[in-house]
Every structure is written in structure tokens, then in C-alpha cells.
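Colleague: You'll find protein.tsv just under this line, and it carries TSV, C-alpha atoms and all ligand atoms.
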chain	number	residue	atom	x	y	z
G	9	MET	CA	27.45	3.36	-12.82
G	10	THR	CA	24.39	5.14	-11.44
G	11	GLU	CA	22.44	3.74	-8.51
G	12	VAL	CA	19.52	2.95	-10.79
G	13	THR	CA	21.73	1.05	-13.25
G	14	ARG	CA	23.19	-0.95	-10.39
G	15	ALA	CA	19.69	-1.65	-9.04
G	16	ALA	CA	18.53	-2.88	-12.44
G	17	GLU	CA	21.56	-5.18	-12.68
G	18	LEU	CA	20.87	-6.64	-9.25
G	19	LEU	CA	17.23	-7.24	-10.22
G	20	ARG	CA	18.28	-9.01	-13.43
G	21	ALA	CA	20.57	-11.18	-11.28
G	22	GLY	CA	17.56	-12.23	-9.18
G	23	GLU	CA	18.21	-10.01	-6.14
G	24	LEU	CA	15.66	-7.97	-4.17
G	25	VAL	CA	15.77	-4.18	-4.48
G	26	ALA	CA	13.41	-1.93	-2.54
G	27	PHE	CA	12.34	1.20	-4.41
G	28	PRO	CA	10.17	4.24	-3.73
G	29	THR	CA	6.76	4.72	-5.28
G	30	GLU	CA	4.30	7.57	-4.71
G	31	THR	CA	2.23	5.32	-2.39
G	32	VAL	CA	4.67	3.29	-0.24
G	33	TYR	CA	8.08	1.66	-0.78
G	34	GLY	CA	7.96	-1.58	-2.78
G	35	LEU	CA	10.09	-4.69	-2.35
G	36	GLY	CA	11.03	-5.35	-5.95
G	37	ALA	CA	11.99	-8.54	-7.79
G	38	ASP	CA	12.04	-9.61	-11.44
G	39	ALA	CA	8.42	-10.70	-11.92
G	40	SER	CA	9.45	-13.35	-14.48
G	41	ASN	CA	12.01	-15.04	-12.23
G	42	PRO	CA	10.42	-17.59	-9.85
G	43	ARG	CA	13.48	-17.76	-7.59
G	44	ALA	CA	13.61	-13.97	-7.24
G	45	VAL	CA	9.87	-13.81	-6.50
G	46	ALA	CA	10.27	-16.56	-3.89
G	47	LYS	CA	12.74	-14.30	-2.06
G	48	ILE	CA	9.98	-11.69	-1.65
G	49	PHE	CA	7.80	-14.16	0.20
G	50	SER	CA	10.58	-15.25	2.56
G	51	ALA	CA	11.78	-11.67	3.22
G	52	LYS	CA	8.25	-10.55	4.08
G	53	GLY	CA	7.10	-13.72	5.82
G	54	ARG	CA	4.13	-13.57	3.48
G	55	PRO	CA	1.82	-16.56	2.88
G	56	PRO	CA	2.43	-18.03	-0.60
G	57	ASP	CA	-1.15	-17.68	-1.87
G	58	HIS	CA	-1.14	-13.86	-1.71
G	59	PRO	CA	-0.74	-12.38	-5.21
G	60	LEU	CA	1.72	-9.60	-6.07
G	61	ILE	CA	1.32	-6.45	-8.16
G	62	VAL	CA	3.51	-6.24	-11.28
G	63	HIS	CA	4.91	-2.73	-11.79
G	64	LEU	CA	5.39	-1.57	-15.37
G	65	ALA	CA	7.34	1.27	-17.02
G	66	ASP	CA	4.31	2.37	-19.08
G	67	SER	CA	0.87	1.30	-20.20
G	68	SER	CA	2.11	-0.03	-23.56
G	69	GLN	CA	3.23	-3.11	-21.58
G	70	ILE	CA	-0.27	-4.06	-20.39
G	71	ASP	CA	-0.64	-6.67	-23.12
G	72	VAL	CA	2.67	-8.31	-22.24
G	73	TRP	CA	1.12	-9.32	-18.90
G	74	ALA	CA	-2.66	-9.36	-19.48
G	75	ARG	CA	-4.98	-10.82	-22.13
G	76	ASP	CA	-8.60	-10.13	-23.16
G	77	VAL	CA	-8.01	-6.61	-21.86
G	78	PRO	CA	-11.25	-4.60	-21.82
G	79	ASP	CA	-11.13	-1.14	-23.43
G	80	VAL	CA	-11.86	0.47	-20.08
G	81	ALA	CA	-8.43	-0.67	-18.86
G	82	TYR	CA	-6.66	1.34	-21.57
G	83	THR	CA	-8.95	4.30	-20.91
G	84	LEU	CA	-8.17	4.25	-17.19
G	85	ALA	CA	-4.46	3.74	-17.80
G	86	ALA	CA	-4.37	6.71	-20.19
G	87	ALA	CA	-6.15	8.92	-17.66
G	88	LEU	CA	-4.70	7.78	-14.33
G	89	TRP	CA	-1.27	6.18	-14.95
G	90	PRO	CA	1.34	6.75	-13.76
G	91	GLY	CA	-0.59	6.84	-10.50
G	92	PRO	CA	-1.84	5.06	-7.37
G	93	LEU	CA	-4.19	2.69	-9.21
G	94	THR	CA	-3.73	-1.07	-9.69
G	95	LEU	CA	-5.76	-2.84	-12.36
G	96	ILE	CA	-6.67	-6.53	-11.99
G	97	LEU	CA	-6.87	-8.16	-15.42
G	98	LYS	CA	-6.88	-11.66	-16.91
G	99	ARG	CA	-3.34	-12.92	-16.96
G	100	GLN	CA	-1.17	-13.99	-19.86
G	101	PRO	CA	-0.32	-17.71	-19.58
G	102	HIS	CA	3.39	-17.02	-18.94
G	103	VAL	CA	2.72	-15.11	-15.70
G	104	ILE	CA	4.01	-17.32	-12.90
G	105	ASP	CA	1.70	-18.65	-10.17
G	106	ALA	CA	3.71	-16.99	-7.39
G	107	ILE	CA	2.67	-13.63	-8.89
G	108	THR	CA	-1.00	-14.44	-9.36
G	109	GLY	CA	-1.48	-16.53	-6.23
G	110	GLY	CA	-2.65	-19.28	-8.57
G	111	GLN	CA	-5.55	-17.15	-9.82
G	112	ASP	CA	-6.36	-16.42	-13.45
G	113	THR	CA	-5.68	-12.71	-12.97
G	114	VAL	CA	-2.75	-10.35	-12.56
G	115	GLY	CA	-2.47	-6.93	-10.90
G	116	LEU	CA	-0.70	-4.20	-12.91
G	117	ARG	CA	0.37	-0.67	-12.05
G	118	VAL	CA	2.59	2.12	-13.39
G	119	PRO	CA	3.79	4.00	-10.29
G	120	ASN	CA	4.12	7.78	-10.29
G	121	HIS	CA	7.61	8.28	-8.88
G	122	PRO	CA	10.57	9.49	-10.98
G	123	LEU	CA	13.03	7.00	-9.46
G	124	ALA	CA	10.62	4.06	-9.83
G	125	LEU	CA	9.97	4.98	-13.46
G	126	GLU	CA	13.69	5.36	-14.17
G	127	LEU	CA	14.32	1.95	-12.64
G	128	LEU	CA	11.43	0.33	-14.52
G	129	ARG	CA	12.57	1.80	-17.84
G	130	GLU	CA	16.13	0.65	-17.25
G	131	PHE	CA	14.98	-2.82	-16.17
G	132	SER	CA	12.17	-3.57	-18.59
G	133	GLY	CA	14.02	-3.72	-21.93
G	134	ALA	CA	12.48	-4.83	-25.20
G	135	LYS	CA	10.45	-7.68	-23.69
G	136	GLY	CA	8.58	-5.37	-21.35
G	137	GLY	CA	9.86	-6.88	-18.10
G	138	GLY	CA	8.03	-5.97	-14.92
G	139	LEU	CA	8.86	-5.76	-11.23
G	140	ALA	CA	6.82	-7.63	-8.68
G	141	ALA	CA	6.65	-5.38	-5.65
G	142	PRO	CA	4.56	-5.73	-2.53
G	143	SER	CA	4.91	-3.09	0.16
G	144	ALA	CA	8.40	-3.51	1.66
G	145	ASN	CA	7.24	-4.43	5.17
G	146	ARG	CA	6.98	-7.69	7.09
G	147	PHE	CA	3.61	-9.35	6.46
G	148	GLY	CA	0.73	-7.68	8.30
G	149	ARG	CA	2.82	-4.72	9.48
G	150	ILE	CA	2.77	-1.03	8.59
G	151	SER	CA	3.87	-0.20	5.03
G	152	PRO	CA	7.13	1.79	4.77
G	153	THR	CA	7.01	5.37	3.48
G	154	THR	CA	10.75	6.13	3.78
G	155	ALA	CA	13.91	4.22	2.82
G	156	GLN	CA	14.88	4.10	6.50
G	157	HIS	CA	11.59	2.31	7.35
G	158	VAL	CA	12.57	-0.39	4.83
G	159	ARG	CA	16.06	-0.78	6.27
G	160	ASP	CA	14.69	-0.91	9.83
G	161	GLU	CA	12.17	-3.56	8.93
G	162	LEU	CA	13.91	-5.79	6.39
G	163	GLY	CA	17.62	-5.29	7.16
G	164	ASP	CA	19.83	-7.71	5.25
G	165	ALA	CA	16.88	-9.46	3.61
G	166	VAL	CA	16.99	-6.77	0.90
G	167	THR	CA	20.14	-6.32	-1.23
G	168	MET	CA	19.63	-2.63	-2.01
G	169	VAL	CA	17.26	0.17	-1.04
G	170	LEU	CA	16.82	3.04	-3.49
G	171	ASP	CA	16.13	6.20	-1.51
G	172	GLY	CA	13.59	8.49	-3.15
G	173	GLY	CA	12.60	10.45	-0.05
G	174	PRO	CA	9.26	10.22	1.76
G	175	CYS	CA	6.29	8.91	-0.27
G	176	GLN	CA	3.87	11.63	-1.35
G	177	VAL	CA	0.60	9.64	-1.24
G	178	GLY	CA	1.47	7.56	1.81
G	179	ILE	CA	-1.06	4.72	1.59
G	180	GLU	CA	-1.29	1.83	-0.87
G	181	SER	CA	-2.84	2.09	-4.33
G	182	THR	CA	-6.52	1.68	-5.13
G	183	ILE	CA	-7.09	-1.83	-6.49
G	184	LEU	CA	-9.71	-2.04	-9.24
G	185	ASP	CA	-10.84	-5.41	-10.54
G	186	LEU	CA	-11.57	-5.33	-14.28
G	187	SER	CA	-11.28	-9.10	-14.76
G	188	GLY	CA	-15.01	-9.72	-14.67
G	189	MET	CA	-16.22	-6.83	-16.82
G	190	GLY	CA	-18.71	-9.06	-18.65
G	191	ASP	CA	-20.76	-10.02	-15.59
G	192	ARG	CA	-19.96	-7.75	-12.67
G	193	GLY	CA	-18.43	-4.48	-13.89
G	194	PRO	CA	-15.48	-2.72	-12.27
G	195	ALA	CA	-15.07	-3.43	-8.54
G	196	ILE	CA	-12.83	-1.72	-6.01
G	197	LEU	CA	-11.00	-4.37	-3.97
G	198	ARG	CA	-8.95	-1.93	-1.88
G	199	PRO	CA	-9.77	1.77	-1.53
G	200	GLY	CA	-6.96	4.23	-2.15
G	201	MET	CA	-6.40	7.84	-3.11
G	202	VAL	CA	-7.76	7.25	-6.62
G	203	SER	CA	-11.38	7.48	-5.54
G	204	ALA	CA	-14.47	5.73	-6.87
G	205	GLU	CA	-15.57	9.18	-8.10
G	206	ALA	CA	-12.34	9.66	-10.06
G	207	ILE	CA	-12.81	6.24	-11.67
G	208	ALA	CA	-16.46	6.96	-12.42
G	209	ALA	CA	-15.51	10.28	-13.97
G	210	VAL	CA	-13.24	8.48	-16.45
G	211	LEU	CA	-15.49	5.51	-17.16
G	212	GLY	CA	-18.92	7.09	-16.94
G	213	VAL	CA	-19.96	4.20	-14.66
G	214	ALA	CA	-19.39	3.90	-10.92
G	215	PRO	CA	-17.29	0.96	-9.70
G	216	VAL	CA	-18.75	-1.43	-7.12
G	217	ALA	CA	-17.43	-0.66	-3.64
G	218	PRO	CA	-15.87	-3.32	-1.39
G	219	GLY	CA	-18.36	-5.38	0.58
G	220	ALA	CA	-21.28	-4.12	-1.49
G	221	PRO	CA	-24.08	-6.64	-2.08
G	222	GLY	CA	-23.29	-8.83	-5.06
G	223	SER	CA	-19.65	-7.70	-5.14
G	224	ASN	CA	-18.30	-11.17	-5.61
G	225	VAL	CA	-14.70	-10.02	-5.44
G	226	PRO	CA	-11.48	-12.02	-5.14
G	227	ARG	CA	-9.59	-11.96	-1.86
G	228	VAL	CA	-6.79	-9.43	-1.33
G	229	SER	CA	-4.25	-9.65	1.46
G	230	GLY	CA	-4.87	-6.06	2.43
G	231	SER	CA	-8.47	-7.05	3.03
G	232	LEU	CA	-7.65	-9.44	5.84
G	233	ASP	CA	-9.24	-7.90	8.91
G	234	SER	CA	-5.99	-7.30	10.75
G	235	HIS	CA	-3.38	-5.58	8.62
G	236	TYR	CA	-1.18	-2.50	8.48
G	237	ALA	CA	-0.86	-2.88	12.23
G	238	PRO	CA	1.55	-1.44	14.80
G	239	ILE	CA	2.63	-3.70	17.69
G	240	THR	CA	1.06	-1.40	20.28
G	241	PRO	CA	-2.73	-1.96	20.43
G	242	LEU	CA	-4.52	0.76	18.48
G	243	GLN	CA	-7.91	2.19	19.30
G	244	LEU	CA	-10.12	4.49	17.20
G	245	VAL	CA	-12.21	7.00	19.14
G	246	SER	CA	-14.49	9.95	18.39
G	247	SER	CA	-13.30	13.49	19.16
G	248	ASP	CA	-15.29	13.42	22.44
G	249	GLY	CA	-13.73	10.08	23.31
G	250	LEU	CA	-10.26	11.62	23.05
G	251	VAL	CA	-10.66	13.71	26.19
G	252	PHE	CA	-12.08	10.72	28.03
G	253	ALA	CA	-9.17	8.51	26.88
G	254	ALA	CA	-6.62	11.15	27.93
G	255	ARG	CA	-8.22	11.47	31.38
G	256	ASN	CA	-8.29	7.69	31.68
G	257	ALA	CA	-4.58	7.45	30.78
G	258	ILE	CA	-3.72	9.98	33.50
G	259	VAL	CA	-5.93	8.39	36.17
G	260	LYS	CA	-4.59	4.90	35.51
G	261	GLY	CA	-1.04	6.11	34.93
G	262	GLU	CA	-1.03	4.28	31.58
G	263	ARG	CA	1.25	6.06	29.15
G	264	THR	CA	-0.84	6.50	26.00
G	265	ALA	CA	0.03	7.86	22.55
G	266	PHE	CA	-2.54	9.96	20.69
G	267	LEU	CA	-2.84	10.85	17.01
G	268	ALA	CA	-5.48	13.53	16.65
G	269	CYS	CA	-6.46	16.56	14.62
G	270	MET	CA	-7.35	18.61	17.72
G	271	PRO	CA	-4.85	20.14	20.14
G	272	GLN	CA	-3.89	18.27	23.32
G	273	PRO	CA	-6.64	18.76	25.93
G	274	LEU	CA	-4.76	17.68	29.09
G	275	GLN	CA	-1.05	17.95	29.94
G	276	ASP	CA	0.51	15.00	31.74
G	277	ASP	CA	3.47	12.62	31.37
G	278	ALA	CA	1.01	9.81	30.63
G	279	VAL	CA	-0.20	11.60	27.49
G	280	VAL	CA	1.93	11.71	24.34
G	281	TRP	CA	0.12	13.80	21.75
G	282	LYS	CA	0.86	13.95	18.04
G	283	LEU	CA	-1.09	16.43	15.96
G	284	ALA	CA	-2.42	15.02	12.67
G	285	PRO	CA	-3.35	17.02	9.55
G	286	ARG	CA	-7.03	17.89	9.10
G	287	GLU	CA	-7.33	16.97	5.42
G	288	PRO	CA	-7.25	13.40	4.07
G	289	GLU	CA	-4.31	13.84	1.65
G	290	PRO	CA	-1.78	15.16	4.17
G	291	PHE	CA	-3.21	12.81	6.81
G	292	ALA	CA	-2.57	9.82	4.53
G	293	ARG	CA	0.91	11.09	3.64
G	294	ALA	CA	1.94	11.25	7.30
G	295	LEU	CA	-0.09	8.31	8.65
G	296	TYR	CA	2.32	5.36	8.52
G	297	ALA	CA	5.38	7.35	9.64
G	298	SER	CA	3.32	8.70	12.56
G	299	LEU	CA	2.15	5.21	13.56
G	300	ARG	CA	5.74	3.90	13.43
G	301	GLU	CA	6.94	6.80	15.55
G	302	LEU	CA	4.18	6.29	18.15
G	303	ASP	CA	4.65	2.50	18.09
G	304	ALA	CA	8.33	2.94	18.96
G	305	LEU	CA	7.44	4.75	22.21
G	306	GLY	CA	6.31	1.52	23.86
G	307	CYS	CA	3.09	3.03	25.21
G	308	VAL	CA	0.22	0.93	26.57
G	309	ARG	CA	-1.91	1.89	23.57
G	310	ILE	CA	-2.21	4.23	20.62
G	311	VAL	CA	-5.46	6.18	20.44
G	312	VAL	CA	-6.38	7.67	17.05
G	313	GLN	CA	-9.13	10.19	16.42
G	314	GLN	CA	-11.58	8.57	14.02
G	315	PRO	CA	-11.95	10.61	10.82
G	316	PRO	CA	-15.40	11.43	9.42
G	317	ALA	CA	-17.19	8.68	7.48
G	318	THR	CA	-17.17	10.70	4.26
G	319	ALA	CA	-15.99	9.43	0.85
G	320	ASN	CA	-12.76	11.46	0.87
G	321	TRP	CA	-11.66	9.85	4.17
G	322	LEU	CA	-12.63	6.29	3.13
G	323	PRO	CA	-9.13	4.97	2.25
G	324	VAL	CA	-7.61	6.39	5.45
G	325	LEU	CA	-10.45	5.03	7.56
G	326	ASP	CA	-10.01	1.61	5.92
G	327	ARG	CA	-6.33	1.49	6.99
G	328	LEU	CA	-7.10	2.73	10.49
G	329	LYS	CA	-9.83	0.13	11.02
G	330	ARG	CA	-7.46	-2.66	10.00
G	331	ALA	CA	-4.72	-1.28	12.22
G	332	ALA	CA	-7.20	-1.23	15.10
G	333	HIS	CA	-8.43	-4.79	14.62
N	1	LIG	O1	0.58	1.01	-3.64
N	1	LIG	C1	0.75	-0.19	-3.77
N	1	LIG	O2	-0.08	-0.92	-4.34
N	1	LIG	C2	2.06	-0.79	-3.24
N	1	LIG	C3	3.20	-0.22	-4.05
N	1	LIG	C4	4.54	-0.83	-3.68
N	1	LIG	O3	2.94	-0.37	-5.41
N	1	LIG	N1	2.03	-2.21	-3.28
N	1	LIG	C5	1.26	-2.95	-2.45
N	1	LIG	O4	1.47	-4.31	-2.60
N	1	LIG	O5	0.51	-2.47	-1.63
N	1	LIG	P1	0.94	-5.39	-1.55
N	1	LIG	O6	1.46	-6.70	-2.04
N	1	LIG	O7	1.30	-4.98	-0.18
N	1	LIG	O8	-0.59	-5.35	-1.76
N	1	LIG	C6	-1.07	-5.73	-3.03
N	1	LIG	C7	-2.47	-6.19	-2.92
N	1	LIG	C8	-2.60	-7.44	-2.09
N	1	LIG	O9	-3.66	-7.23	-1.20
N	1	LIG	C9	-2.91	-8.50	-3.11
N	1	LIG	O10	-3.71	-9.52	-2.59
N	1	LIG	C10	-3.61	-7.71	-4.20
N	1	LIG	O11	-2.92	-6.51	-4.23
N	1	LIG	N2	-3.51	-8.36	-5.50
N	1	LIG	C11	-2.42	-8.50	-6.27
N	1	LIG	N3	-2.69	-9.22	-7.37
N	1	LIG	C12	-4.01	-9.54	-7.30
N	1	LIG	C13	-4.90	-10.29	-8.12
N	1	LIG	N4	-4.49	-10.87	-9.24
N	1	LIG	N5	-6.17	-10.41	-7.71
N	1	LIG	C14	-6.61	-9.84	-6.58
N	1	LIG	N6	-5.81	-9.13	-5.76
N	1	LIG	C15	-4.54	-8.98	-6.10
N	2	MG	MG	1.23	-4.66	1.81
Show this structure as C-alpha cells.
Modeller:
Amino acid sequence: MTEVTRAAELLRAGELVAFPTETVYGLGADASNPRAVAKIFSAKGRPPDHPLIVHLADSSQIDVWARDVPDVAYTLAAALWPGPLTLILKRQPHVIDAITGGQDTVGLRVPNHPLALELLREFSGAKGGGLAAPSANRFGRISPTTAQHVRDELGDAVTMVLDGGPCQVGIESTILDLSGMGDRGPAILRPGMVSAEAIAAVLGVAPVAPGAPGSNVPRVSGSLDSHYAPITPLQLVSSDGLVFAARNAIVKGERTAFLACMPQPLQDDAVVWKLAPREPEPFARALYASLRELDALGCVRIVVQQPPATANWLPVLDRLKRAAH
């Protein structure tokens, strides 16, 4: 029996299996089994009213889970799935409340990772079964981007971890709300590496950005102010502020970890410096593993160089601001 076959069997038996996606590792359960889904909430320590994304093997299963699906959903799915984009749609009546958080909508995504797709195909069968999968971290903590992160964080709470290597995107999917197409148009609830521009290029209309005036958007757990956070306090500073913060660490003798795109300005035992990539894609890919590594050092604080406020850095900046809260 292959690992994937075994994983699919465990999932059918109501167990939790963590699996890789291109964004972060997911903590998977049979989305139609209330007892299996309940295990996700206890393993994560997640509040019960936070909805879960249902992962599908392919876009032909959209209608199994969603109803009154607007044409734009199929258009986006055809262009951008498999990929780091979650669509919020009106739910089919059979979708359980633990998945939807009691709302009238459901989040759907086809992940772009060969192992995830193999697992989903093996699991889904003729009825188009889906896997509920939040990021496989404890609630409010940093999402895992390797199998080892999942094991470190969830231990025995997860029956099996499929190892698909480090995640290539590194931060969670873009969440696009299409459930109110009649009155408010598409709205981004969580920015991710599928940009507003990429969505606009497919649809011919720009989605509403989070927090924009009139964007009357449903709550997402990733949009709580404090999220994706290390235990060590995290501070965002400008490139000038980095030198100041390093000097401060040395003067006060406060061991401080830095994540920055520029080389280390001052050498001292109080300064631990980790060089970050200069482009948003590789920065995002490395971000969570870097934060975990720096968090484990037990420094007084983690200082991160604030990226530019340009559109291509928006999803990374969003995660950093939450981690800093
Ligand atoms: O990249 C990702 O999306 C990863 C991988 C594993 O697919 N998953 C992920 O799941 O980040 P999670 O549970 O950590 O974050 C999912 C977000 C939550 O903020 C949740 O509130 C939101 O999606 N969400 C899910 N269903 C929703 C719905 N029906 N309406 C509004 N927000 C929803
Ligand atoms: Mg999460």
C-alpha cells in the first residue's frame, strides 16, 4: 500500500492526516464527517465559529459543495486552479456547520501540489468528497511549511503527516469572496500570492481589497489582528531603523534576532542576523521557516525589515503586520 492510499484510508476512517500544499501544510479531515472535523478544532485549539476551507481534487466538484455558483467562479477556477486561491461561494445545504462556521457560504480550493492532488483524487471517489484543511498549526501560531514543522507543533494530535518537502509558495492562499456577486462584486478577504491584478486580468473587473470602504466582508480568522505569530515579540522597522535596533541590542545587551534584506551592519554576540531574499516570492517561501528558526533562539525580540508598501509585497506585509501585533 502506498503512503497516499494509507492516508486516504485513515481519512475515510475519520482520522486527521496532515498533507503538503503549495502554500502551507494543511491539517486534513473528511469534510463530510462531523466527528473528524471536530478533531481539527481540538488539535488546533481553534474557536468553533471559524470556518474551514474544503480542498477538492478538481474544479468539476465545485457544484457538489456550492450552489448558485456565478460564472466568474468557473472562469477563475479554469484559469487559476490548481493554485493558491480560495473561492467563497454559497454553500450546498449538506455542508456541515463546523465547516462553514454557521455561515451560508463555503470556501473551496484545489491546491497545486502533486501529493495533495494524488491524495484528493484517491480520497474523493464518485461523490466528490473533499478534505477540510486549515493550516496545520496551533491556533494563532505560524503556519507550517515543512512536515517537520507539523510534527513539532501537533505531535500525536495528528495520525499521519504526508511529507511533500518544503512548500513552494510559503504563505496561505488568497481568499476571494464571490458569495455576494449580485450586490458587492468580488472581494479579497485575505491577500495571497494570487494578486488582485491576476484576478482582475481574468475577470476584467478588479476585486475589492480588504478594508476598502463599502467592503462589507465576512470575518476570516486570518484577519484577526494578532495571527501567524511567533512567541518572541516581533517588531517591524524601516531599513534605517535596523541599524538603530542593532546598536540598541548591543548597548542594552539584549540578544536580538534580525530578518533583513541588507547585510549585517554591526557584529556582536547580541545580534543574530538572518539574511532574507529581496523579492516577494522567495521572501514568502522562506518567511515562516525563518520566523520559526529565529523564534527558537529565545531572543528578547525579533526585528524584521519592513518591506516596501507596493502591491507585490502586500501579502507578505499583511502576515508580518499580524505577526507583529
Ligand atoms: O493556503 C491555505 O489557504 C491553507 C492551505 C492548507 O490550503 N489553508 C488555510 O486555512 O490557510 P486556515 O483555516 O488556516 O485559513 C482559512 C481561512 C480562515 O481565515 C477562515 O476564516 C477563512 O479561510 N474561511 C473559510 N471558509 C470561509 C467562509 N465560508 N467565509 C469566509 N471565510 C472563510
Ligand atoms: Mg491558519
Colleague: Show me, as a tab-separated table, the residues of chain G having an atom within 7 Å of ligand MG 2 (chain N), each with the closest atom pair and its distance in Å, using only C-alpha atoms and all ligand atoms.
Modeller:
residue	atom	partner	partner_atom	distance
G:Pro142	CA	N:MG2	MG	5.6
G:Ser143	CA	N:MG2	MG	4.3
G:Asn145	CA	N:MG2	MG	6.9
G:Ser151	CA	N:MG2	MG	6.1
G:Gly230	CA	N:MG2	MG	6.3
Colleague: Identify the residues within 10 Å of coordinate (-7.6, 7.4, 5.6) (same frame as the file), considering all atoms listed in the file, and give the answer as a ChimeraX atom specification.
Modeller: /G:178-179,199-201,287-293,295,314-317,319-329
Colleague: Give me the residues within 6 Å of Pro152 in chain G as a PDB file with C-alpha atoms, in the frame of the given file, counting all atoms listed in the file and dropping any in the same chain fewer than 5 places off.
Modeller:
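Wrote it out as selection.pdb, contents follow:
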ATOM      1  CA  VAL G  32       4.670   3.290  -0.240  1.00  0.00           C
ATOM      2  CA  TYR G  33       8.080   1.660  -0.780  1.00  0.00           C
ATOM      3  CA  HIS G 157      11.590   2.310   7.350  1.00  0.00           C
ATOM      4  CA  VAL G 158      12.570  -0.390   4.830  1.00  0.00           C
TER       5      VAL G 158
END
Colleague: Which value, in Å to one decimal, gives the distance between CA of Thr13 in chain G and CA of Gln156 in chain G?
Modeller: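 If I compute the distance from CA of Thr13 in chain G to CA of Gln156 in chain G, I get 21.1 Å.
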Colleague: Have a look at G:Ala65, G:Glu126, G:Ala144, G:Ala51 and name the one nearest to ligand LIG 1 (chain N); count all atoms listed in the file.
Modeller: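 Smallest separation from ligand LIG 1 (chain N) among the options: G:Ala144.
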Colleague: Hey, can you pull every residue with an atom no more than 7 Å from (1.3, 5.3, -13.3), using only C-alpha atoms, and send it as a list of chain:residue names?
Modeller: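 I get G:Leu88, G:Trp89, G:Pro90, G:Gly91, G:Pro92, G:Arg117, G:Val118, G:Pro119, G:Asn120 for the residues within 7 Å of that point.
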Colleague: Mind giving me the straight-line distance from CA of Ala140 in chain G to CA of Ala297 in chain G in Å, one decimal?
Modeller: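 These atoms are spaced 23.7 Å apart.
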Colleague: To one decimal in Å, tell me the separation between CA of Gly173 in chain G and CA of Ala37 in chain G.
Modeller: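 One can read the CA of Gly173 in chain G to CA of Ala37 in chain G distance as 20.5 Å.
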Colleague: Tell me, as an MDAnalysis selection string, which residues lie within 8 Å of Gly53 in chain G, counting only C-alpha atoms; anything in the same chain fewer than 2 positions away does not count.
Modeller: chainID G and resid 49:51 55 146:147
Colleague: Find, counting all atoms listed in the file, the residue in G:Met189, G:Leu184, G:Ile310, G:Ile107 that gets nearest to Pro42 in chain G.
Modeller: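 Nearest to Pro42 in chain G: G:Ile107.
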Colleague: Using only C-alpha atoms and all ligand atoms, which residue out of G:Ala237, G:Leu18, G:Val169, G:Val114 lies closest to ligand LIG 1 (chain N)?
Modeller: G:Val114
Colleague: For ligand LIG 1 (chain N), which residue among G:Met168, G:Leu128, G:Leu197, G:Arg75 is the nearest when counting only C-alpha atoms and all ligand atoms?
Modeller: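 For ligand LIG 1 (chain N), the nearest of the given residues is G:Leu197.
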Colleague: Find the residues around Ala87 in chain G up to 10 Å (all atoms listed in the file counted), leave out those fewer than 2 positions away in its own chain, and share them as a list in words.
Modeller: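 Neighbouring residues, sequence-local ones excluded: Ala81, Tyr82, Thr83, Leu84, Ala85, Trp89, Pro90, Gly91, Ala206, Ile207, Val210 and Leu211 of chain G.
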Colleague: If we count all atoms listed in the file and set the cut-off at 7 Å, which residues sit around Arg263 in chain G, ignoring sequence neighbours fewer than 3 positions away in its own chain? Please answer as an MDAnalysis selection string.
Modeller: chainID G and resid 257 278:279 307:308
Colleague: Selection from above, C-alpha atoms, as a PDB file, keeping the file's coordinate frame, can you write it?
Modeller:
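So the final result, stored in result.pdb, reads:
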ATOM      1  CA  ALA G 257      -4.580   7.450  30.780  1.00  0.00           C
ATOM      2  CA  ALA G 278       1.010   9.810  30.630  1.00  0.00           C
ATOM      3  CA  VAL G 279      -0.200  11.600  27.490  1.00  0.00           C
ATOM      4  CA  CYS G 307       3.090   3.030  25.210  1.00  0.00           C
ATOM      5  CA  VAL G 308       0.220   0.930  26.570  1.00  0.00           C
TER       6      VAL G 308
END
Colleague: Give me the residues near Leu250 in chain G as a list in words, where near means some atom within 10 Å (using all atoms listed in the file) and where sequence neighbours in that chain fewer than 6 positions away do not count.
Modeller: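 Listing them by chain and then by number gives Leu244, Asn256, Phe266, Leu267, Ala268, Met270, Gln272, Pro273, Val311, Val312, Gln313 and Gln314 of chain G.
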Colleague: Determine the nearest neighbour of Gly137 in chain G from the options G:Val45, G:Ala39, G:Ala165, G:Val177, counting only C-alpha atoms.
Modeller: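 Answer, going by the shortest atom-to-atom distance: G:Ala39.
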